file upload30.cif (mmCIF, C-alpha atoms)
data_protein
loop_
_atom_site.group_PDB
_atom_site.id
_atom_site.type_symbol
_atom_site.label_atom_id
_atom_site.label_comp_id
_atom_site.auth_asym_id
_atom_site.auth_seq_id
_atom_site.Cartn_x
_atom_site.Cartn_y
_atom_site.Cartn_z
ATOM 1 C CA MET A 11 27.249 -5.569 15.248
ATOM 2 C CA GLY A 12 25.645 -4.840 18.576
ATOM 3 C CA LEU A 13 28.819 -4.393 20.581
ATOM 4 C CA PRO A 14 28.569 -1.550 23.079
ATOM 5 C CA LEU A 15 31.272 1.120 22.873
ATOM 6 C CA GLU A 16 32.530 0.134 26.314
ATOM 7 C CA GLN A 17 33.143 -3.423 25.131
ATOM 8 C CA ILE A 18 34.924 -2.207 21.992
ATOM 9 C CA ALA A 19 37.147 0.064 24.131
ATOM 10 C CA LEU A 20 38.033 -2.880 26.401
ATOM 11 C CA LEU A 21 38.944 -5.044 23.419
ATOM 12 C CA LEU A 22 41.215 -2.327 22.073
ATOM 13 C CA GLU A 23 42.787 -1.636 25.489
ATOM 14 C CA GLU A 24 43.587 -5.300 26.068
ATOM 15 C CA GLY A 25 45.755 -5.292 22.969
ATOM 16 C CA LEU A 26 44.380 -8.578 21.687
ATOM 17 C CA PRO A 27 46.027 -9.980 18.573
ATOM 18 C CA LEU A 28 44.157 -9.181 15.375
ATOM 19 C CA GLU A 29 43.197 -12.817 14.796
ATOM 20 C CA GLN A 30 41.654 -13.077 18.268
ATOM 21 C CA MET A 31 39.641 -9.875 17.689
ATOM 22 C CA LYS A 32 38.460 -11.232 14.331
ATOM 23 C CA GLY A 33 37.340 -14.431 16.088
ATOM 24 C CA ILE A 34 35.320 -12.450 18.648
ATOM 25 C CA LEU A 35 33.673 -10.442 15.881
ATOM 26 C CA ARG A 36 32.895 -13.606 13.856
ATOM 27 C CA ARG A 37 31.220 -15.195 16.907
ATOM 28 C CA LYS A 38 29.191 -12.018 17.439
ATOM 29 C CA GLN A 39 28.194 -12.042 13.776
ATOM 30 C CA VAL A 40 26.994 -15.668 14.012
ATOM 31 C CA GLU A 41 25.058 -14.825 17.187
ATOM 32 C CA LEU A 42 23.356 -11.858 15.496
ATOM 33 C CA HIS A 43 22.528 -13.944 12.420
ATOM 34 C CA GLN A 44 20.894 -16.639 14.582
ATOM 35 C CA HIS A 45 18.916 -13.997 16.465
ATOM 36 C CA LEU A 46 17.749 -12.479 13.161
ATOM 37 C CA GLU A 47 16.602 -15.890 11.876
ATOM 38 C CA GLU A 48 14.675 -16.528 15.098
ATOM 39 C CA GLU A 49 12.954 -13.148 14.895
ATOM 40 C CA GLN A 50 12.155 -13.652 11.195
ATOM 41 C CA ALA A 51 10.606 -17.055 11.941
ATOM 42 C CA LYS A 52 8.355 -15.411 14.534
ATOM 43 C CA LEU A 53 7.109 -12.904 11.970
ATOM 44 C CA GLU A 54 6.510 -15.477 9.263
ATOM 45 C CA ARG A 55 4.230 -17.818 11.223
ATOM 46 C CA VAL A 56 0.793 -16.268 11.603
ATOM 47 C CA ALA A 57 -2.688 -17.267 12.632
ATOM 48 C CA THR A 58 -5.128 -16.091 9.984
ATOM 49 C CA VAL A 59 -8.738 -16.066 8.931
ATOM 50 C CA ARG A 60 -9.833 -15.069 5.421
ATOM 51 C CA GLY A 61 -13.247 -14.236 4.105
ATOM 52 C CA VAL A 62 -15.373 -11.918 2.025
ATOM 53 C CA ILE A 63 -16.668 -9.014 4.116
ATOM 54 C CA PRO A 64 -19.525 -6.652 3.153
ATOM 55 C CA THR A 65 -17.320 -3.506 3.317
ATOM 56 C CA TYR A 66 -13.875 -2.503 4.575
ATOM 57 C CA ALA A 67 -15.445 -1.350 7.838
ATOM 58 C CA HIS A 68 -16.367 -4.989 8.543
ATOM 59 C CA ILE A 69 -12.717 -6.065 8.908
ATOM 60 C CA CYS A 70 -13.424 -6.102 12.636
ATOM 61 C CA ASP A 71 -15.725 -9.114 12.067
ATOM 62 C CA LEU A 72 -12.759 -11.164 10.881
ATOM 63 C CA PHE A 73 -10.651 -9.926 13.796
ATOM 64 C CA ASP A 74 -13.441 -10.884 16.224
ATOM 65 C CA GLU A 75 -13.448 -14.394 14.741
ATOM 66 C CA LEU A 76 -9.662 -14.650 15.040
ATOM 67 C CA TRP A 77 -9.478 -13.268 18.602
ATOM 68 C CA SER A 78 -12.316 -15.482 19.841
ATOM 69 C CA SER A 79 -10.430 -18.553 18.623
ATOM 70 C CA LEU A 80 -7.037 -17.478 19.985
ATOM 71 C CA ALA A 81 -8.066 -16.068 23.387
ATOM 72 C CA PRO A 82 -8.904 -19.389 25.101
ATOM 73 C CA GLN A 83 -5.602 -20.853 23.925
ATOM 74 C CA ARG A 84 -3.501 -18.139 25.584
ATOM 75 C CA THR A 85 -1.517 -17.696 22.389
ATOM 76 C CA SER A 86 1.560 -15.448 22.513
ATOM 77 C CA PHE A 87 1.667 -12.762 19.842
ATOM 78 C CA THR A 88 5.079 -11.888 18.449
ATOM 79 C CA GLY A 89 4.184 -8.795 16.446
ATOM 80 C CA PRO A 90 1.389 -6.477 15.378
ATOM 81 C CA ALA A 91 -1.852 -7.661 13.796
ATOM 82 C CA MET A 92 -2.443 -6.989 10.117
ATOM 83 C CA ALA A 93 -5.104 -7.085 7.441
ATOM 84 C CA ILE A 94 -4.455 -8.154 3.859
ATOM 85 C CA TYR A 95 -6.761 -7.065 1.051
ATOM 86 C CA TYR A 96 -6.726 -9.271 -2.048
ATOM 87 C CA ASP A 97 -8.950 -7.353 -4.480
ATOM 88 C CA PRO A 98 -6.823 -5.689 -7.181
ATOM 89 C CA GLU A 99 -8.845 -2.457 -6.931
ATOM 90 C CA TYR A 100 -11.008 -0.648 -4.407
ATOM 91 C CA ARG A 101 -14.431 -2.292 -3.946
ATOM 92 C CA GLU A 102 -17.547 -0.809 -2.390
ATOM 93 C CA HIS A 103 -18.861 -4.252 -1.361
ATOM 94 C CA ASP A 104 -17.777 -7.886 -1.025
ATOM 95 C CA VAL A 105 -14.160 -7.271 -0.070
ATOM 96 C CA ASP A 106 -11.791 -10.284 -0.107
ATOM 97 C CA ALA A 107 -9.762 -9.836 3.097
ATOM 98 C CA GLU A 108 -7.629 -11.748 5.561
ATOM 99 C CA VAL A 109 -6.575 -10.832 9.081
ATOM 100 C CA ALA A 110 -3.433 -12.204 10.668
ATOM 101 C CA VAL A 111 -1.342 -12.026 13.810
ATOM 102 C CA PRO A 112 2.199 -13.397 14.264
ATOM 103 C CA ILE A 113 2.211 -16.139 16.908
ATOM 104 C CA ALA A 114 4.598 -18.207 18.984
ATOM 105 C CA GLY A 115 3.928 -21.752 20.076
ATOM 106 C CA GLU A 116 1.421 -24.323 18.970
ATOM 107 C CA LEU A 117 -2.184 -23.592 18.112
ATOM 108 C CA THR A 118 -5.285 -25.777 17.961
ATOM 109 C CA LEU A 119 -7.052 -24.811 14.749
ATOM 110 C CA LYS A 120 -10.777 -24.126 14.918
ATOM 111 C CA GLY A 121 -13.225 -23.193 12.164
ATOM 112 C CA ARG A 122 -11.642 -21.077 9.458
ATOM 113 C CA ILE A 123 -8.514 -20.284 11.492
ATOM 114 C CA LYS A 124 -5.279 -21.355 9.807
ATOM 115 C CA VAL A 125 -1.590 -21.083 10.551
ATOM 116 C CA SER A 126 0.464 -20.026 7.572
ATOM 117 C CA VAL A 127 3.430 -18.038 6.366
ATOM 118 C CA ILE A 128 2.724 -14.593 4.950
ATOM 119 C CA PRO A 129 4.563 -14.173 1.637
ATOM 120 C CA GLU A 130 7.487 -11.771 1.589
ATOM 121 C CA ILE A 131 7.085 -8.447 -0.190
ATOM 122 C CA THR A 132 10.321 -7.659 -2.024
ATOM 123 C CA GLN A 133 9.481 -4.024 -2.795
ATOM 124 C CA ALA A 134 6.667 -1.911 -1.382
ATOM 125 C CA ALA A 135 5.468 1.640 -1.246
ATOM 126 C CA CYS A 136 4.563 2.378 2.376
ATOM 127 C CA ILE A 137 2.992 5.109 4.438
ATOM 128 C CA ILE A 138 2.135 5.347 8.123
ATOM 129 C CA HIS A 139 -1.283 6.739 8.933
ATOM 130 C CA HIS A 140 -1.634 8.403 12.332
ATOM 131 C CA GLY A 141 -5.198 8.601 13.599
ATOM 132 C CA GLY A 142 -8.494 6.755 13.536
ATOM 133 C CA TYR A 143 -9.480 4.339 10.819
ATOM 134 C CA GLU A 144 -12.233 6.619 9.502
ATOM 135 C CA THR A 145 -9.542 8.880 8.003
ATOM 136 C CA ILE A 146 -7.233 6.187 6.589
ATOM 137 C CA SER A 147 -8.525 6.771 3.054
ATOM 138 C CA SER A 148 -6.498 10.008 3.008
ATOM 139 C CA ALA A 149 -3.272 8.020 3.515
ATOM 140 C CA TYR A 150 -4.294 5.613 0.739
ATOM 141 C CA HIS A 151 -4.940 8.567 -1.570
ATOM 142 C CA HIS A 152 -1.459 10.002 -0.935
ATOM 143 C CA LEU A 153 0.207 6.605 -1.350
ATOM 144 C CA MET A 154 -1.595 5.765 -4.606
ATOM 145 C CA LYS A 155 -0.737 9.204 -5.986
ATOM 146 C CA TRP A 156 2.940 8.672 -5.110
ATOM 147 C CA ILE A 157 2.945 5.220 -6.752
ATOM 148 C CA GLU A 158 1.511 6.630 -9.983
ATOM 149 C CA GLU A 159 3.700 9.756 -10.060
ATOM 150 C CA ASN A 160 6.856 7.687 -9.577
ATOM 151 C CA GLY A 161 6.174 5.175 -12.344
ATOM 152 C CA TYR A 162 5.334 2.159 -10.190
ATOM 153 C CA HIS A 163 2.449 -0.275 -10.524
ATOM 154 C CA ILE A 164 0.830 -2.486 -7.892
ATOM 155 C CA VAL A 165 1.845 -6.151 -8.060
ATOM 156 C CA GLY A 166 0.022 -7.822 -5.172
ATOM 157 C CA PRO A 167 -2.338 -7.583 -2.215
ATOM 158 C CA HIS A 168 -1.849 -4.604 0.049
ATOM 159 C CA ARG A 169 -1.520 -4.813 3.827
ATOM 160 C CA GLU A 170 -2.399 -2.729 6.831
ATOM 161 C CA VAL A 171 -0.110 -3.357 9.805
ATOM 162 C CA TYR A 172 -1.654 -2.080 13.026
ATOM 163 C CA LEU A 173 1.326 -0.657 14.912
ATOM 164 C CA GLN A 174 -0.879 1.032 17.543
ATOM 165 C CA GLY A 175 -4.619 0.402 17.833
ATOM 166 C CA PRO A 176 -7.551 0.122 20.215
ATOM 167 C CA ASN A 177 -5.777 -2.473 22.372
ATOM 168 C CA ASP A 178 -2.780 -0.143 22.808
ATOM 169 C CA VAL A 179 -4.243 3.345 23.201
ATOM 170 C CA LYS A 180 -7.706 4.628 24.071
ATOM 171 C CA ASP A 181 -7.690 7.763 21.889
ATOM 172 C CA PRO A 182 -7.942 6.988 18.129
ATOM 173 C CA SER A 183 -5.654 9.956 17.426
ATOM 174 C CA GLY A 184 -2.864 7.749 18.833
ATOM 175 C CA TYR A 185 -3.459 4.886 16.379
ATOM 176 C CA GLY A 186 -0.673 4.097 13.922
ATOM 177 C CA THR A 187 -1.262 1.986 10.819
ATOM 178 C CA GLU A 188 1.388 1.170 8.223
ATOM 179 C CA ILE A 189 -0.032 0.645 4.735
ATOM 180 C CA GLN A 190 2.183 -1.549 2.537
ATOM 181 C CA VAL A 191 1.524 -1.836 -1.197
ATOM 182 C CA PRO A 192 3.724 -4.231 -3.223
ATOM 183 C CA VAL A 193 5.041 -2.397 -6.283
ATOM 184 C CA ALA A 194 7.323 -2.781 -9.291
ATOM 185 C CA LYS A 195 8.540 -0.411 -12.036
#
call {"tool": "encode", "arguments": {"input": "upload30.cif", "output": "structure tokens"}}
result
Amino acid sequence: MGLPLEQIALLLEEGLPLEQMKGILRRKQVELHQHLEEEQAKLERVATVRGVIPTYAHICDLFDELWSSLAPQRTSFTGPAMAIYYDPEYREHDVDAEVAVPIAGELTLKGRIKVSVIPEITQAACIIHHGGYETISSAYHHLMKWIEENGYHIVGPHREVYLQGPNDVKDPSGYGTEIQVPVAK
């Protein structure tokens, strides 16, 4: 519950009555629950832009559009950026995609930029790809193979969450991208 061992030892040493200890733990539980709700709210509210891009490599065009709208507003980001791909299967051209970044505070909407809540994924097959984006197809291959071999099927748009990227590290070998594919049995 987030209590350091030193604090637990003090509580035990003080010989507090059981009811008083339960009260302290209940207050801590409420505090943690409130903190969790606040953090969840930060992750749910995102600035997004959606469009059809010529190929997957053009996802950066949507990010450029999003960043150029957010930069002058000095928006605070509360988590990593992500891309969501809506086509049910791989496409060579005309990819339906959306880019998003969790934000804090108010935002003046411009152009195609929207503020929305990203839907929850209740069950997903995930993999983390380490390295540049030009080799991410290997991670997709392994993930799709695992999904098929384990009797799952895809039930929604997949996401790429950019845990480490060009804004974080200079060398692409240090990039980290989590691929999340909603699945069901």
call {"tool": "closest_residue", "arguments": {"input": "upload30.cif", "among": "A:Val62, A:Leu46, A:Ile164, A:Val127", "to": "A:Val191", "atoms": "all atoms listed in the file"}}
result
A:Ile164
call {"tool": "residues_around", "arguments": {"input": "upload30.cif", "residues": "A:Thr118", "least_positions_apart": "2", "cutoff": "8 Å", "atoms": "all atoms listed in the file", "output": "PyMOL selection string"}}
result
chain A and resi 83+116+120
call {"tool": "resolve_selection", "arguments": {"input": "upload30.cif", "expression": "the PyMOL selection byres ((chain A and resi 165-179) around 9)", "output": "MDAnalysis selection string"}}
result
chainID A and resid 89:98 131 142 163:164 180:194
call {"tool": "atom_distance", "arguments": {"input": "upload30.cif", "atom1": "atom CA of A:Val59", "atom2": "atom CA of A:Pro82"}}
result
16.5 Å
call {"tool": "atom_distance", "arguments": {"input": "upload30.cif", "atom1": "atom CA of A:Ser126", "atom2": "atom CA of A:Val109"}}
result
11.7 Å
call {"tool": "atom_distance", "arguments": {"input": "upload30.cif", "atom1": "atom CA of A:Asp104", "atom2": "atom CA of A:Lys155"}}
result
24.6 Å
call {"tool": "residues_around", "arguments": {"input": "upload30.cif", "residues": "stretch 112-115 of chain A", "least_positions_apart": "6", "cutoff": "9 Å", "atoms": "only C-alpha atoms", "output": "short mmCIF file (atom, residue, chain, number, x, y, z; two decimals) with C-alpha atoms, keeping the file's coordinate frame"}}
result
data_model
loop_
_atom_site.label_atom_id
_atom_site.label_comp_id
_atom_site.auth_asym_id
_atom_site.auth_seq_id
_atom_site.Cartn_x
_atom_site.Cartn_y
_atom_site.Cartn_z
CA LYS A 52 8.36 -15.41 14.53
CA LEU A 53 7.11 -12.90 11.97
CA GLU A 54 6.51 -15.48 9.26
CA ARG A 55 4.23 -17.82 11.22
CA VAL A 56 0.79 -16.27 11.60
CA ALA A 57 -2.69 -17.27 12.63
CA THR A 58 -5.13 -16.09 9.98
CA THR A 85 -1.52 -17.70 22.39
CA SER A 86 1.56 -15.45 22.51
CA PHE A 87 1.67 -12.76 19.84
CA THR A 88 5.08 -11.89 18.45
CA GLY A 89 4.18 -8.80 16.45
CA PRO A 90 1.39 -6.48 15.38
CA ALA A 91 -1.85 -7.66 13.80
CA MET A 92 -2.44 -6.99 10.12
CA VAL A 125 -1.59 -21.08 10.55
#
call {"tool": "closest_residue", "arguments": {"input": "upload30.cif", "among": "A:Ala67, A:Ala134, A:Leu153, A:Ile123", "to": "A:Glu102", "atoms": "all atoms listed in the file"}}
result
A:Ala67
call {"tool": "closest_residue", "arguments": {"input": "upload30.cif", "among": "A:Pro14, A:Gly141, A:Ile128, A:Cys70", "to": "A:Lys38", "atoms": "all atoms listed in the file"}}
result
A:Pro14
call {"tool": "resolve_selection", "arguments": {"input": "upload30.cif", "expression": "the PyMOL selection byres ((chain A and resi 72) around 9)", "output": "PyMOL selection string"}}
result
chain A and resi 59-61+63+68-71+73-77+107-109
